[in-house]
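Enquirer: Input file: coords_12.pdb. Contents: PDB, C-alpha atoms.
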ATOM      1  CA  MET A   1       0.000   0.000   0.000
ATOM      2  CA  ASN A   2       1.400   3.362  -0.959
ATOM      3  CA  ASP A   3       1.398   5.598   2.111
ATOM      4  CA  THR A   4       2.746   9.045   1.434
ATOM      5  CA  GLY A   5       1.239  10.816   4.406
ATOM      6  CA  SER A   6      -1.446  12.336   2.191
ATOM      7  CA  SER A   7      -4.735  13.602   3.631
ATOM      8  CA  PRO A   8      -7.946  11.535   3.472
ATOM      9  CA  ARG A   9      -9.224  13.863   0.753
ATOM     10  CA  SER A  10      -6.358  12.867  -1.552
ATOM     11  CA  GLU A  11      -6.499   9.126  -0.829
ATOM     12  CA  LEU A  12      -8.729   7.178  -3.184
ATOM     13  CA  ALA A  13     -10.425   3.820  -2.858
ATOM     14  CA  ILE A  14     -11.222   2.697  -6.395
ATOM     15  CA  GLY A  15     -14.149   0.380  -7.025
ATOM     16  CA  ILE A  16     -14.706  -1.398 -10.343
ATOM     17  CA  ASP A  17     -17.871  -3.261 -11.294
ATOM     18  CA  LEU A  18     -16.905  -5.407 -14.269
ATOM     19  CA  GLY A  19     -20.155  -6.535 -15.865
ATOM     20  CA  GLY A  20     -20.914  -8.402 -19.047
ATOM     21  CA  THR A  21     -22.283  -5.264 -20.720
ATOM     22  CA  GLY A  22     -20.836  -2.284 -18.873
ATOM     23  CA  THR A  23     -17.925  -1.455 -16.581
ATOM     24  CA  ARG A  24     -18.530   1.064 -13.804
ATOM     25  CA  LEU A  25     -15.837   2.758 -11.743
ATOM     26  CA  VAL A  26     -16.072   4.940  -8.665
ATOM     27  CA  ALA A  27     -13.426   6.751  -6.640
ATOM     28  CA  LEU A  28     -14.107   7.327  -2.939
ATOM     29  CA  ASP A  29     -11.962   9.612  -0.834
ATOM     30  CA  GLY A  30     -10.957   8.687   2.693
ATOM     31  CA  TYR A  31     -14.156  10.231   4.057
ATOM     32  CA  GLY A  32     -16.258   7.915   1.904
ATOM     33  CA  ASP A  33     -17.424  10.614  -0.490
ATOM     34  CA  THR A  34     -17.723   9.749  -4.171
ATOM     35  CA  VAL A  35     -15.354  12.090  -5.983
ATOM     36  CA  ALA A  36     -15.559  10.531  -9.437
ATOM     37  CA  GLN A  37     -17.448   7.924 -11.394
ATOM     38  CA  LEU A  38     -17.175   6.497 -14.885
ATOM     39  CA  VAL A  39     -19.226   4.102 -17.007
ATOM     40  CA  VAL A  40     -17.807   2.496 -20.152
ATOM     41  CA  PRO A  41     -18.798  -0.501 -22.306
ATOM     42  CA  THR A  42     -17.116  -3.763 -21.333
ATOM     43  CA  PRO A  43     -14.965  -4.977 -24.223
ATOM     44  CA  ALA A  44     -15.718  -8.485 -25.442
ATOM     45  CA  ASP A  45     -12.353  -9.070 -27.074
ATOM     46  CA  LEU A  46      -8.926  -7.803 -26.072
ATOM     47  CA  PRO A  47      -5.519  -9.124 -27.137
ATOM     48  CA  GLY A  48      -2.919 -10.392 -24.682
ATOM     49  CA  ASP A  49      -2.506  -8.250 -21.576
ATOM     50  CA  ALA A  50      -4.778  -5.506 -22.875
ATOM     51  CA  ALA A  51      -7.404  -6.302 -20.212
ATOM     52  CA  VAL A  52      -5.079  -4.965 -17.495
ATOM     53  CA  ALA A  53      -4.237  -1.932 -19.621
ATOM     54  CA  PHE A  54      -7.955  -1.269 -20.173
ATOM     55  CA  LEU A  55      -8.599  -1.133 -16.421
ATOM     56  CA  ALA A  56      -5.392   0.766 -15.628
ATOM     57  CA  GLU A  57      -6.209   3.460 -18.166
ATOM     58  CA  ARG A  58      -9.694   3.945 -16.703
ATOM     59  CA  VAL A  59      -8.396   4.108 -13.151
ATOM     60  CA  GLY A  60      -5.724   6.548 -14.265
ATOM     61  CA  SER A  61      -8.347   8.782 -15.865
ATOM     62  CA  LEU A  62     -10.043   9.435 -12.523
ATOM     63  CA  PRO A  63      -9.307  12.785 -10.798
ATOM     64  CA  GLY A  64      -5.893  13.623  -9.471
ATOM     65  CA  PRO A  65      -3.581  14.463  -7.929
ATOM     66  CA  ALA A  66      -4.444  11.672  -5.552
ATOM     67  CA  VAL A  67      -3.013   8.522  -4.046
ATOM     68  CA  VAL A  68      -4.736   5.326  -5.160
ATOM     69  CA  ARG A  69      -4.707   3.577  -1.816
ATOM     70  CA  SER A  70      -6.735   0.488  -2.773
ATOM     71  CA  ILE A  71      -8.614  -1.093  -5.670
ATOM     72  CA  GLY A  72     -11.539  -3.489  -5.509
ATOM     73  CA  ILE A  73     -13.042  -5.337  -8.462
ATOM     74  CA  GLY A  74     -16.400  -7.062  -8.594
ATOM     75  CA  ALA A  75     -16.890  -9.261 -11.662
ATOM     76  CA  SER A  76     -19.526 -11.628 -12.935
ATOM     77  CA  GLY A  77     -18.285 -15.068 -11.925
ATOM     78  CA  PRO A  78     -17.109 -17.690 -11.578
ATOM     79  CA  ILE A  79     -14.114 -16.242  -9.722
ATOM     80  CA  ASP A  80     -11.602 -18.815  -8.492
ATOM     81  CA  ALA A  81      -9.995 -18.881  -5.039
ATOM     82  CA  GLU A  82      -7.031 -16.849  -6.358
ATOM     83  CA  GLY A  83      -9.291 -14.059  -7.593
ATOM     84  CA  VAL A  84      -9.003 -14.961 -11.286
ATOM     85  CA  ILE A  85     -12.140 -14.617 -13.425
ATOM     86  CA  ARG A  86     -13.244 -17.886 -15.047
ATOM     87  CA  ASN A  87     -16.159 -16.640 -17.129
ATOM     88  CA  PRO A  88     -15.619 -17.075 -20.872
ATOM     89  CA  ASP A  89     -19.349 -16.747 -21.558
ATOM     90  CA  THR A  90     -19.938 -13.164 -20.385
ATOM     91  CA  LEU A  91     -16.413 -11.823 -19.641
ATOM     92  CA  PRO A  92     -14.218 -13.451 -22.303
ATOM     93  CA  ALA A  93     -11.707 -10.588 -22.469
ATOM     94  CA  PHE A  94     -10.943 -10.839 -18.733
ATOM     95  CA  THR A  95     -11.079 -14.594 -18.223
ATOM     96  CA  GLY A  96      -7.994 -16.460 -17.050
ATOM     97  CA  ILE A  97      -5.980 -13.264 -16.483
ATOM     98  CA  ASP A  98      -4.222 -12.157 -13.311
ATOM     99  CA  LEU A  99      -5.717  -8.696 -12.871
ATOM    100  CA  ALA A 100      -4.703  -8.107  -9.262
ATOM    101  CA  GLY A 101      -0.949  -8.565  -9.624
ATOM    102  CA  PRO A 102      -0.136  -6.173 -12.484
ATOM    103  CA  LEU A 103      -2.852  -3.666 -11.577
ATOM    104  CA  GLY A 104      -1.568  -3.561  -8.007
ATOM    105  CA  ALA A 105       1.968  -3.082  -9.263
ATOM    106  CA  ALA A 106       0.886  -0.246 -11.570
ATOM    107  CA  PHE A 107      -0.634   1.741  -8.700
ATOM    108  CA  ALA A 108       1.403   0.395  -5.745
ATOM    109  CA  ALA A 109      -1.861  -0.518  -4.056
ATOM    110  CA  PRO A 110      -3.575  -3.718  -2.892
ATOM    111  CA  VAL A 111      -6.185  -5.144  -5.260
ATOM    112  CA  ALA A 112      -9.078  -7.423  -4.281
ATOM    113  CA  VAL A 113     -11.216  -9.321  -6.823
ATOM    114  CA  ASP A 114     -14.547 -10.928  -5.951
ATOM    115  CA  ASN A 115     -17.927 -11.862  -7.378
ATOM    116  CA  ASP A 116     -19.994  -8.833  -8.393
ATOM    117  CA  ALA A 117     -22.995  -9.989  -6.364
ATOM    118  CA  VAL A 118     -20.743 -10.103  -3.294
ATOM    119  CA  THR A 119     -19.495  -6.565  -3.858
ATOM    120  CA  ALA A 120     -23.051  -5.323  -4.459
ATOM    121  CA  ALA A 121     -24.148  -6.989  -1.213
ATOM    122  CA  ILE A 122     -21.206  -5.460   0.672
ATOM    123  CA  GLY A 123     -22.201  -2.010  -0.555
ATOM    124  CA  GLU A 124     -25.854  -2.446   0.394
ATOM    125  CA  ALA A 125     -24.993  -3.909   3.802
ATOM    126  CA  ALA A 126     -22.597  -1.064   4.575
ATOM    127  CA  VAL A 127     -24.457   1.997   3.304
ATOM    128  CA  GLY A 128     -27.600   0.833   1.520
ATOM    129  CA  ALA A 129     -30.779  -1.194   1.871
ATOM    130  CA  GLY A 130     -29.178  -3.923   4.005
ATOM    131  CA  ARG A 131     -27.963  -1.734   6.866
ATOM    132  CA  PRO A 132     -30.580  -2.817   9.445
ATOM    133  CA  PHE A 133     -30.006  -6.553   8.921
ATOM    134  CA  ARG A 134     -27.449  -9.019  10.227
ATOM    135  CA  SER A 135     -27.763 -11.237   7.144
ATOM    136  CA  VAL A 136     -28.475 -10.255   3.545
ATOM    137  CA  LEU A 137     -29.241 -12.185   0.362
ATOM    138  CA  MET A 138     -28.478 -10.122  -2.754
ATOM    139  CA  LEU A 139     -29.649 -10.877  -6.282
ATOM    140  CA  THR A 140     -28.248  -8.800  -9.143
ATOM    141  CA  LEU A 141     -30.523  -8.944 -12.170
ATOM    142  CA  GLY A 142     -28.341  -7.849 -15.068
ATOM    143  CA  THR A 143     -26.771  -9.570 -18.065
ATOM    144  CA  GLY A 144     -26.984 -12.669 -15.860
ATOM    145  CA  VAL A 145     -28.139 -13.308 -12.306
ATOM    146  CA  GLY A 146     -25.623 -12.903  -9.501
ATOM    147  CA  VAL A 147     -26.265 -14.109  -5.967
ATOM    148  CA  GLY A 148     -24.392 -13.029  -2.845
ATOM    149  CA  ALA A 149     -25.144 -13.967   0.753
ATOM    150  CA  LEU A 150     -23.619 -12.093   3.685
ATOM    151  CA  VAL A 151     -23.639 -12.839   7.404
ATOM    152  CA  ASP A 152     -22.256 -10.074   9.635
ATOM    153  CA  GLY A 153     -20.800  -8.446   6.530
ATOM    154  CA  GLU A 154     -18.839 -11.528   5.433
ATOM    155  CA  PRO A 155     -19.678 -13.471   2.254
ATOM    156  CA  VAL A 156     -20.836 -17.072   2.504
ATOM    157  CA  ARG A 157     -18.403 -19.268   0.564
ATOM    158  CA  GLY A 158     -18.438 -22.785  -0.765
ATOM    159  CA  ALA A 159     -16.485 -25.524   0.978
ATOM    160  CA  ASP A 160     -13.600 -24.917  -1.449
ATOM    161  CA  GLY A 161     -13.479 -21.209  -0.646
ATOM    162  CA  VAL A 162     -14.983 -20.188  -4.000
ATOM    163  CA  HIS A 163     -18.141 -18.134  -4.204
ATOM    164  CA  PRO A 164     -21.146 -20.301  -5.195
ATOM    165  CA  GLU A 165     -22.620 -19.525  -8.614
ATOM    166  CA  ALA A 166     -26.167 -19.710  -7.270
ATOM    167  CA  GLY A 167     -27.575 -17.815 -10.237
ATOM    168  CA  HIS A 168     -27.396 -21.189 -11.976
ATOM    169  CA  LEU A 169     -29.989 -22.948  -9.870
ATOM    170  CA  SER A 170     -32.214 -25.254 -11.898
ATOM    171  CA  LEU A 171     -35.896 -24.246 -11.894
ATOM    172  CA  SER A 172     -38.581 -26.893 -12.262
ATOM    173  CA  GLY A 173     -41.365 -26.441 -14.794
ATOM    174  CA  ARG A 174     -39.362 -24.047 -16.971
ATOM    175  CA  ASP A 175     -37.858 -24.380 -20.424
ATOM    176  CA  ALA A 176     -34.872 -22.059 -20.165
ATOM    177  CA  PRO A 177     -31.661 -23.725 -21.426
ATOM    178  CA  CYS A 178     -28.463 -22.085 -20.206
ATOM    179  CA  TYR A 179     -24.858 -22.031 -21.386
ATOM    180  CA  CYS A 180     -24.002 -23.630 -18.027
ATOM    181  CA  GLY A 181     -25.580 -26.876 -19.282
ATOM    182  CA  ARG A 182     -28.839 -26.841 -17.317
ATOM    183  CA  THR A 183     -32.129 -27.051 -19.159
ATOM    184  CA  ALA A 184     -33.949 -24.603 -16.877
ATOM    185  CA  CYS A 185     -31.692 -22.061 -15.205
ATOM    186  CA  LEU A 186     -32.485 -19.093 -12.947
ATOM    187  CA  GLU A 187     -30.122 -16.912 -14.974
ATOM    188  CA  GLN A 188     -32.159 -17.570 -18.115
ATOM    189  CA  VAL A 189     -35.413 -16.707 -16.320
ATOM    190  CA  GLY A 190     -34.539 -13.866 -13.950
ATOM    191  CA  SER A 191     -31.870 -11.802 -15.714
ATOM    192  CA  ARG A 192     -32.453  -8.484 -17.431
ATOM    193  CA  SER A 193     -31.399 -10.254 -20.605
ATOM    194  CA  ALA A 194     -34.259 -12.742 -20.177
ATOM    195  CA  LEU A 195     -36.726  -9.939 -19.473
ATOM    196  CA  GLN A 196     -35.577  -8.117 -22.587
ATOM    197  CA  ARG A 197     -36.044 -11.220 -24.741
ATOM    198  CA  SER A 198     -39.586 -11.652 -23.444
ATOM    199  CA  ALA A 199     -40.427  -7.982 -23.929
ATOM    200  CA  SER A 200     -39.038  -7.934 -27.474
ATOM    201  CA  ALA A 201     -40.998 -11.087 -28.326
ATOM    202  CA  LEU A 202     -44.227  -9.537 -27.002
ATOM    203  CA  LEU A 203     -43.629  -6.482 -29.173
ATOM    204  CA  SER A 204     -42.665  -8.675 -32.176
ATOM    205  CA  ARG A 205     -39.198  -7.149 -32.287
ATOM    206  CA  PRO A 206     -36.772 -10.088 -32.529
ATOM    207  CA  SER A 207     -33.720  -7.827 -32.399
ATOM    208  CA  GLY A 208     -35.066  -5.303 -29.897
ATOM    209  CA  GLY A 209     -33.154  -3.596 -27.106
ATOM    210  CA  PRO A 210     -33.577  -2.359 -23.520
ATOM    211  CA  GLN A 211     -36.163   0.163 -24.674
ATOM    212  CA  ASP A 212     -38.529  -2.779 -25.254
ATOM    213  CA  ILE A 213     -38.596  -3.480 -21.507
ATOM    214  CA  VAL A 214     -39.529   0.139 -20.842
ATOM    215  CA  ALA A 215     -42.330  -0.015 -23.393
ATOM    216  CA  VAL A 216     -43.813  -3.203 -21.926
ATOM    217  CA  TYR A 217     -43.317  -1.891 -18.372
ATOM    218  CA  ASP A 218     -45.335   1.222 -19.191
ATOM    219  CA  ARG A 219     -48.064  -0.963 -20.655
ATOM    220  CA  ALA A 220     -48.109  -3.159 -17.546
ATOM    221  CA  LEU A 221     -48.465  -0.168 -15.233
ATOM    222  CA  ALA A 222     -51.346   0.999 -17.430
ATOM    223  CA  GLY A 223     -53.108  -2.342 -16.931
ATOM    224  CA  ASP A 224     -52.366  -4.101 -20.225
ATOM    225  CA  GLU A 225     -53.097  -7.809 -19.639
ATOM    226  CA  ALA A 226     -50.339  -9.257 -21.824
ATOM    227  CA  ALA A 227     -47.703  -6.950 -20.361
ATOM    228  CA  THR A 228     -48.907  -7.659 -16.815
ATOM    229  CA  ALA A 229     -48.756 -11.408 -17.460
ATOM    230  CA  LEU A 230     -45.196 -11.067 -18.757
ATOM    231  CA  PHE A 231     -44.002  -9.326 -15.582
ATOM    232  CA  ASP A 232     -45.990 -11.725 -13.382
ATOM    233  CA  ASP A 233     -44.193 -14.651 -15.023
ATOM    234  CA  TYR A 234     -40.849 -12.892 -14.586
ATOM    235  CA  GLY A 235     -41.483 -12.203 -10.905
ATOM    236  CA  SER A 236     -42.701 -15.767 -10.292
ATOM    237  CA  GLY A 237     -39.516 -17.161 -11.815
ATOM    238  CA  ILE A 238     -37.324 -15.047  -9.556
ATOM    239  CA  GLY A 239     -39.516 -16.044  -6.615
ATOM    240  CA  ASP A 240     -39.029 -19.742  -7.386
ATOM    241  CA  GLY A 241     -35.277 -19.252  -7.338
ATOM    242  CA  LEU A 242     -35.461 -17.265  -4.113
ATOM    243  CA  LEU A 243     -37.430 -20.041  -2.419
ATOM    244  CA  ASP A 244     -34.521 -22.439  -2.897
ATOM    245  CA  LEU A 245     -31.943 -19.833  -1.893
ATOM    246  CA  LEU A 246     -33.811 -18.839   1.249
ATOM    247  CA  THR A 247     -34.343 -22.473   2.219
ATOM    248  CA  VAL A 248     -30.558 -22.778   2.361
ATOM    249  CA  HIS A 249     -29.498 -19.352   3.646
ATOM    250  CA  ARG A 250     -32.493 -18.224   5.744
ATOM    251  CA  SER A 251     -31.385 -14.622   5.279
ATOM    252  CA  ALA A 252     -33.058 -11.782   7.158
ATOM    253  CA  CYS A 253     -33.483  -9.621   4.066
ATOM    254  CA  VAL A 254     -33.524  -9.972   0.265
ATOM    255  CA  ILE A 255     -32.141  -7.123  -1.847
ATOM    256  CA  LEU A 256     -32.649  -6.908  -5.607
ATOM    257  CA  GLY A 257     -30.104  -4.983  -7.649
ATOM    258  CA  GLY A 258     -29.075  -4.704 -11.263
ATOM    259  CA  SER A 259     -30.902  -2.840 -13.989
ATOM    260  CA  ALA A 260     -33.954  -5.135 -14.001
ATOM    261  CA  ALA A 261     -34.687  -4.318 -10.345
ATOM    262  CA  THR A 262     -35.921  -0.963 -11.640
ATOM    263  CA  TYR A 263     -39.074  -2.759 -12.795
ATOM    264  CA  TYR A 264     -39.916  -4.201  -9.374
ATOM    265  CA  PRO A 265     -43.227  -2.271  -9.201
ATOM    266  CA  ALA A 266     -44.453  -4.471 -12.075
ATOM    267  CA  PHE A 267     -43.152  -7.853 -10.900
ATOM    268  CA  GLY A 268     -42.865  -7.478  -7.126
ATOM    269  CA  ALA A 269     -46.387  -8.659  -6.306
ATOM    270  CA  ALA A 270     -45.897 -11.936  -8.192
ATOM    271  CA  LEU A 271     -42.501 -12.473  -6.552
ATOM    272  CA  ARG A 272     -43.870 -11.902  -3.051
ATOM    273  CA  ALA A 273     -46.836 -14.183  -3.776
ATOM    274  CA  ARG A 274     -44.444 -17.019  -4.614
ATOM    275  CA  LEU A 275     -42.533 -16.495  -1.374
ATOM    276  CA  SER A 276     -45.733 -16.424   0.673
ATOM    277  CA  ALA A 277     -47.029 -19.643  -0.887
ATOM    278  CA  VAL A 278     -44.364 -21.769   0.809
ATOM    279  CA  THR A 279     -44.167 -22.362   4.563
ATOM    280  CA  THR A 280     -40.379 -22.576   4.928
ATOM    281  CA  TYR A 281     -40.612 -19.323   6.921
ATOM    282  CA  VAL A 282     -43.249 -18.231   9.420
ATOM    283  CA  ALA A 283     -43.244 -15.085   7.268
ATOM    284  CA  PRO A 284     -41.052 -14.365   4.227
ATOM    285  CA  PRO A 285     -38.185 -11.931   4.784
ATOM    286  CA  PRO A 286     -38.619  -8.403   3.439
ATOM    287  CA  VAL A 287     -37.668  -7.812  -0.187
ATOM    288  CA  ARG A 288     -36.002  -4.478  -0.879
ATOM    289  CA  VAL A 289     -34.713  -2.821  -4.038
ATOM    290  CA  SER A 290     -31.130  -1.582  -4.008
ATOM    291  CA  GLU A 291     -30.667   1.914  -2.589
ATOM    292  CA  LEU A 292     -27.328   2.356  -4.351
ATOM    293  CA  GLY A 293     -28.544   1.794  -7.911
ATOM    294  CA  ASP A 294     -26.267   0.944 -10.809
ATOM    295  CA  LEU A 295     -23.136   2.026  -8.930
ATOM    296  CA  GLY A 296     -23.799  -0.241  -5.937
ATOM    297  CA  GLY A 297     -21.438  -2.957  -7.167
ATOM    298  CA  ALA A 298     -18.620  -0.477  -7.722
ATOM    299  CA  LEU A 299     -19.197   1.133  -4.314
ATOM    300  CA  GLY A 300     -19.105  -2.295  -2.674
ATOM    301  CA  ALA A 301     -15.934  -3.140  -4.586
ATOM    302  CA  ALA A 302     -14.295   0.036  -3.267
ATOM    303  CA  ILE A 303     -15.264  -0.947   0.272
ATOM    304  CA  LEU A 304     -13.963  -4.489  -0.290
ATOM    305  CA  GLY A 305     -10.646  -3.249  -1.626
ATOM    306  CA  SER A 306     -10.171  -0.876   1.312
ATOM    307  CA  ARG A 307     -10.393  -3.610   3.929
ATOM    308  CA  ARG A 308      -7.387  -4.284   6.097
ATOM    309  CA  PRO A 309      -6.421  -7.863   7.066
ATOM    310  CA  ASP A 310      -8.517  -7.517  10.243
ATOM    311  CA  ARG A 311     -11.570  -6.846   7.966
ATOM    312  CA  SER A 312     -11.886  -3.238   9.106
ATOM    313  CA  SER A 313     -11.583  -0.462   6.556
ATOM    314  CA  TRP A 314      -9.529   2.713   6.329
ATOM    315  CA  LEU A 315     -12.578   4.401   4.766
ATOM    316  CA  SER A 316     -15.168   6.358   6.699
ATOM    317  CA  LEU A 317     -18.273   4.681   5.268
ATOM    318  CA  GLY A 318     -21.106   6.748   6.676
ATOM    319  CA  ARG A 319     -21.359   8.959   3.625
ATOM    320  CA  ALA A 320     -20.215   6.585   0.853
ATOM    321  CA  ARG A 321     -23.039   7.250  -1.612
TER     322      ARG A 321
END
Let's see the structure in the file written out as structure tokens.
Expert:
Amino acid sequence: MNDTGSSPRSELAIGIDLGGTGTRLVALDGYGDTVAQLVVPTPADLPGDAAVAFLAERVGSLPGPAVVRSIGIGASGPIDAEGVIRNPDTLPAFTGIDLAGPLGAAFAAPVAVDNDAVTAAIGEAAVGAGRPFRSVLMLTLGTGVGVGALVDGEPVRGADGVHPEAGHLSLSGRDAPCYCGRTACLEQVGSRSALQRSASALLSRPSGGPQDIVAVYDRALAGDEAATALFDDYGSGIGDGLLDLLTVHRSACVILGGSAATYYPAFGAALRARLSAVTTYVAPPPVRVSELGDLGGALGAAILGSRRPDRSSWLSLGRAR
């Protein structure tokens, strides 16, 4: 860690949310204030070591003069125990590459890499919708579905130390083949990508885009039956996945993040109905939408990267928004 005696205002914790579609960066000063943010498309193809250069250039473009004191990266998994991304399906340009070593050397700062659902959950638990709860279950509904479970601020890991890819639960009664090999996968039912496909199909636009979700969402809020049925089916699918996740984790709170969480007013009733239909809980835990929005994963990554070995942080987190 580079320690030049600089003031908290000139010390930056960098957070990077490396998603399948977009990469978001934030810079927090030592008081936890966001002093810069950046959103760029995630490249699908980069030669050689260009993935490190891509990230280093973006970090270097953030305001100065300042000391980069730490860097955290949240990425769509799998992420192995050494912090290397193993996701050729949605992050091919960054898969199999040591990001932490050369990026840390470039800025003389420690670098932490983790699953993007974990970093989103860390952000929400620290300064967002999860603050009142001891345990949090986070679902990020984006290009895929990320799942992160925290207990007392620490992520729940698999027996091998690797974060579970719980977005690839198999859902019964669904025909949703996934690149992971399952014939009915939560990621292919509950992601923003899945919602967009359904919305484009309803509008008879085979090659539609995100604007199709907005159009169908507006129709659903206006009472259109077909649009309402589409969002009910979407919410029920997420609810089915949550039932399995909550049976295992028994978390005190569910938080939905990612761009598709924006449409919770249209699918939330169906999701909650699915949770209430099963008696695993005396009452289902509350479901909340992210308070940190699209930058939640990057904020959580900055918090993750700033942690000392004793799991405390050099950041003052009360105002990290």
Enquirer: For the PyMOL selection byres ((chain A and resi 52-69) around 8), applied here, can you spell out every residue it catches as number ranges by chain?
Expert: A: 1-4, 6, 10-14, 25, 27, 35-37, 49-51, 70-71, 99, 102-103, 106-110, 306
Enquirer: Between A:Ile73, A:Pro309, A:Ser316, A:Leu150, which one has atoms that come closest to Val111 (chain A), using all atoms listed in the file?
Expert: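 Counting all atoms listed in the file, the residue closest to Val111 (chain A) is A:Ile73.
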Enquirer: Per residue of region 54-95 of chain A within 12 Å of region 119-143 of chain A, record the nearest atom pair and its distance in Å to one decimal, counting all atoms listed in the file, with rows in chain order and ascending residue number, as a tab-separated table.
Expert:
residue	atom	partner	partner_atom	distance
A:Gly72	CA	A:Thr119	CA	8.7
A:Ile73	CA	A:Thr119	CA	8.0
A:Gly74	CA	A:Thr119	CA	5.7
A:Ala75	CA	A:Thr119	CA	8.7
A:Ser76	CA	A:Thr143	CA	9.1
A:Gly77	CA	A:Thr119	CA	11.8
A:Asp89	CA	A:Thr143	CA	10.9
A:Thr90	CA	A:Thr143	CA	8.1
A:Leu91	CA	A:Thr143	CA	10.7
Enquirer: Which polymer residues, protein or nucleic acid, are no farther than 7 Å from (-15.7, 7.2, -0.4), counting all atoms listed in the file, as a short mmCIF file (atom, residue, chain, number, x, y, z; two decimals) with C-alpha atoms, in the frame of the given file?
Expert:
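File produced: point05.cif:
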data_model
loop_
_atom_site.label_atom_id
_atom_site.label_comp_id
_atom_site.auth_asym_id
_atom_site.auth_seq_id
_atom_site.Cartn_x
_atom_site.Cartn_y
_atom_site.Cartn_z
CA ALA A 13 -10.42 3.82 -2.86
CA ALA A 27 -13.43 6.75 -6.64
CA LEU A 28 -14.11 7.33 -2.94
CA ASP A 29 -11.96 9.61 -0.83
CA GLY A 30 -10.96 8.69 2.69
CA TYR A 31 -14.16 10.23 4.06
CA GLY A 32 -16.26 7.92 1.90
CA ASP A 33 -17.42 10.61 -0.49
CA THR A 34 -17.72 9.75 -4.17
CA LEU A 315 -12.58 4.40 4.77
CA LEU A 317 -18.27 4.68 5.27
CA ALA A 320 -20.22 6.58 0.85
#
Enquirer: Translate the PyMOL selection byres ((chain A and resi 165) around 8) into a concrete residue list for this structure, as a PyMOL selection string.
Expert: chain A and resi 77-78+146-147+163-164+166-168
Enquirer: Please write the residues picked by the PyMOL selection byres ((chain A and resi 193-196) around 8) on this file as a PyMOL selection string.
Expert: chain A and resi 142-144+187-192+197-200+208-210+212-213+234+260
Enquirer: Work out how far apart CA of Thr95 (chain A) and CA of Pro41 (chain A) are and give it in Å to one decimal.
Expert: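 One can read the CA of Thr95 (chain A) to CA of Pro41 (chain A) distance as 16.6 Å.
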Enquirer: State, in Å with one decimal place, the distance from CA of Glu154 (chain A) to CA of Ala301 (chain A).
Expert: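 Answer for the CA of Glu154 (chain A) to CA of Ala301 (chain A) separation: 13.4 Å.
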Enquirer: For a test of reading the model, state the distance in Å between CA of Ile255 (chain A) and CA of Arg288 (chain A), rounded to one decimal.
Expert: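 Taking CA of Ile255 (chain A) and CA of Arg288 (chain A), their separation equals 4.8 Å.
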Enquirer: Which is closer to Gly22 (chain A) than all the others in A:Val145, A:Val39, A:Cys180, A:Val254, using only C-alpha atoms?
Expert: A:Val39
Enquirer: Could you check which of A:Tyr217, A:His249, A:Ala283, A:Leu299 is closest to Thr262 (chain A), using only C-alpha atoms?
Expert: A:Tyr217
Enquirer: Near Val289 (chain A), counting all atoms listed in the file, which residues have an atom at most 7 Å away, once you skip same-chain residues fewer than 2 positions from it, shown as a PDB file with C-alpha atoms, keeping the file's coordinate frame?
Expert:
ATOM      1  CA  ILE A 255     -32.141  -7.123  -1.847  1.00  0.00           C
ATOM      2  CA  LEU A 256     -32.649  -6.908  -5.607  1.00  0.00           C
ATOM      3  CA  GLY A 257     -30.104  -4.983  -7.649  1.00  0.00           C
ATOM      4  CA  ALA A 261     -34.687  -4.318 -10.345  1.00  0.00           C
ATOM      5  CA  VAL A 287     -37.668  -7.812  -0.187  1.00  0.00           C
ATOM      6  CA  GLU A 291     -30.667   1.914  -2.589  1.00  0.00           C
TER       7      GLU A 291
END
Enquirer: Compare A:Ser251, A:Ser172, A:Ser204, A:Ser312 by their minimum atom-to-atom distance to Val216 (chain A), counting all atoms listed in the file, and give me the closest one.
Expert: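 Of all the options, A:Ser204 lies closest to Val216 (chain A).
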Enquirer: Ranking A:Leu295, A:Ser313, A:Asp160, A:Asp80 by minimum distance to Ile16 (chain A) and counting all atoms listed in the file, which one comes first?
Expert: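 Selected residue with least distance to Ile16 (chain A): A:Leu295.
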Enquirer: List the spatial neighbours of Gly241 (chain A) as a ChimeraX atom specification - criterion: any atom at most 9 Å away, all atoms listed in the file, same-chain residues fewer than 2 positions off excluded.
Expert: /A:167,169-171,186,190,236-239,243-246
Enquirer: Looking at A:Arg272, A:Arg308, A:Arg182, A:Arg157, which one is nearest to Ile79 (chain A), with distances taken over all atoms listed in the file?
Expert: A:Arg157
Enquirer: Write a file for region 25-45 of chain A, containing C-alpha atoms (output as a compact mmCIF listing (two decimals), in the first residue's frame).
Expert:
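Wrote result31.txt, looks like this:
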# COMPACT_ATOMS: atom_id res chain seq x y z
CA LEU A 25 -15.84 2.76 -11.74
CA VAL A 26 -16.07 4.94 -8.67
CA ALA A 27 -13.43 6.75 -6.64
CA LEU A 28 -14.11 7.33 -2.94
CA ASP A 29 -11.96 9.61 -0.83
CA GLY A 30 -10.96 8.69 2.69
CA TYR A 31 -14.16 10.23 4.06
CA GLY A 32 -16.26 7.92 1.90
CA ASP A 33 -17.42 10.61 -0.49
CA THR A 34 -17.72 9.75 -4.17
CA VAL A 35 -15.35 12.09 -5.98
CA ALA A 36 -15.56 10.53 -9.44
CA GLN A 37 -17.45 7.92 -11.39
CA LEU A 38 -17.18 6.50 -14.89
CA VAL A 39 -19.23 4.10 -17.01
CA VAL A 40 -17.81 2.50 -20.15
CA PRO A 41 -18.80 -0.50 -22.31
CA THR A 42 -17.12 -3.76 -21.33
CA PRO A 43 -14.97 -4.98 -24.22
CA ALA A 44 -15.72 -8.48 -25.44
CA ASP A 45 -12.35 -9.07 -27.07
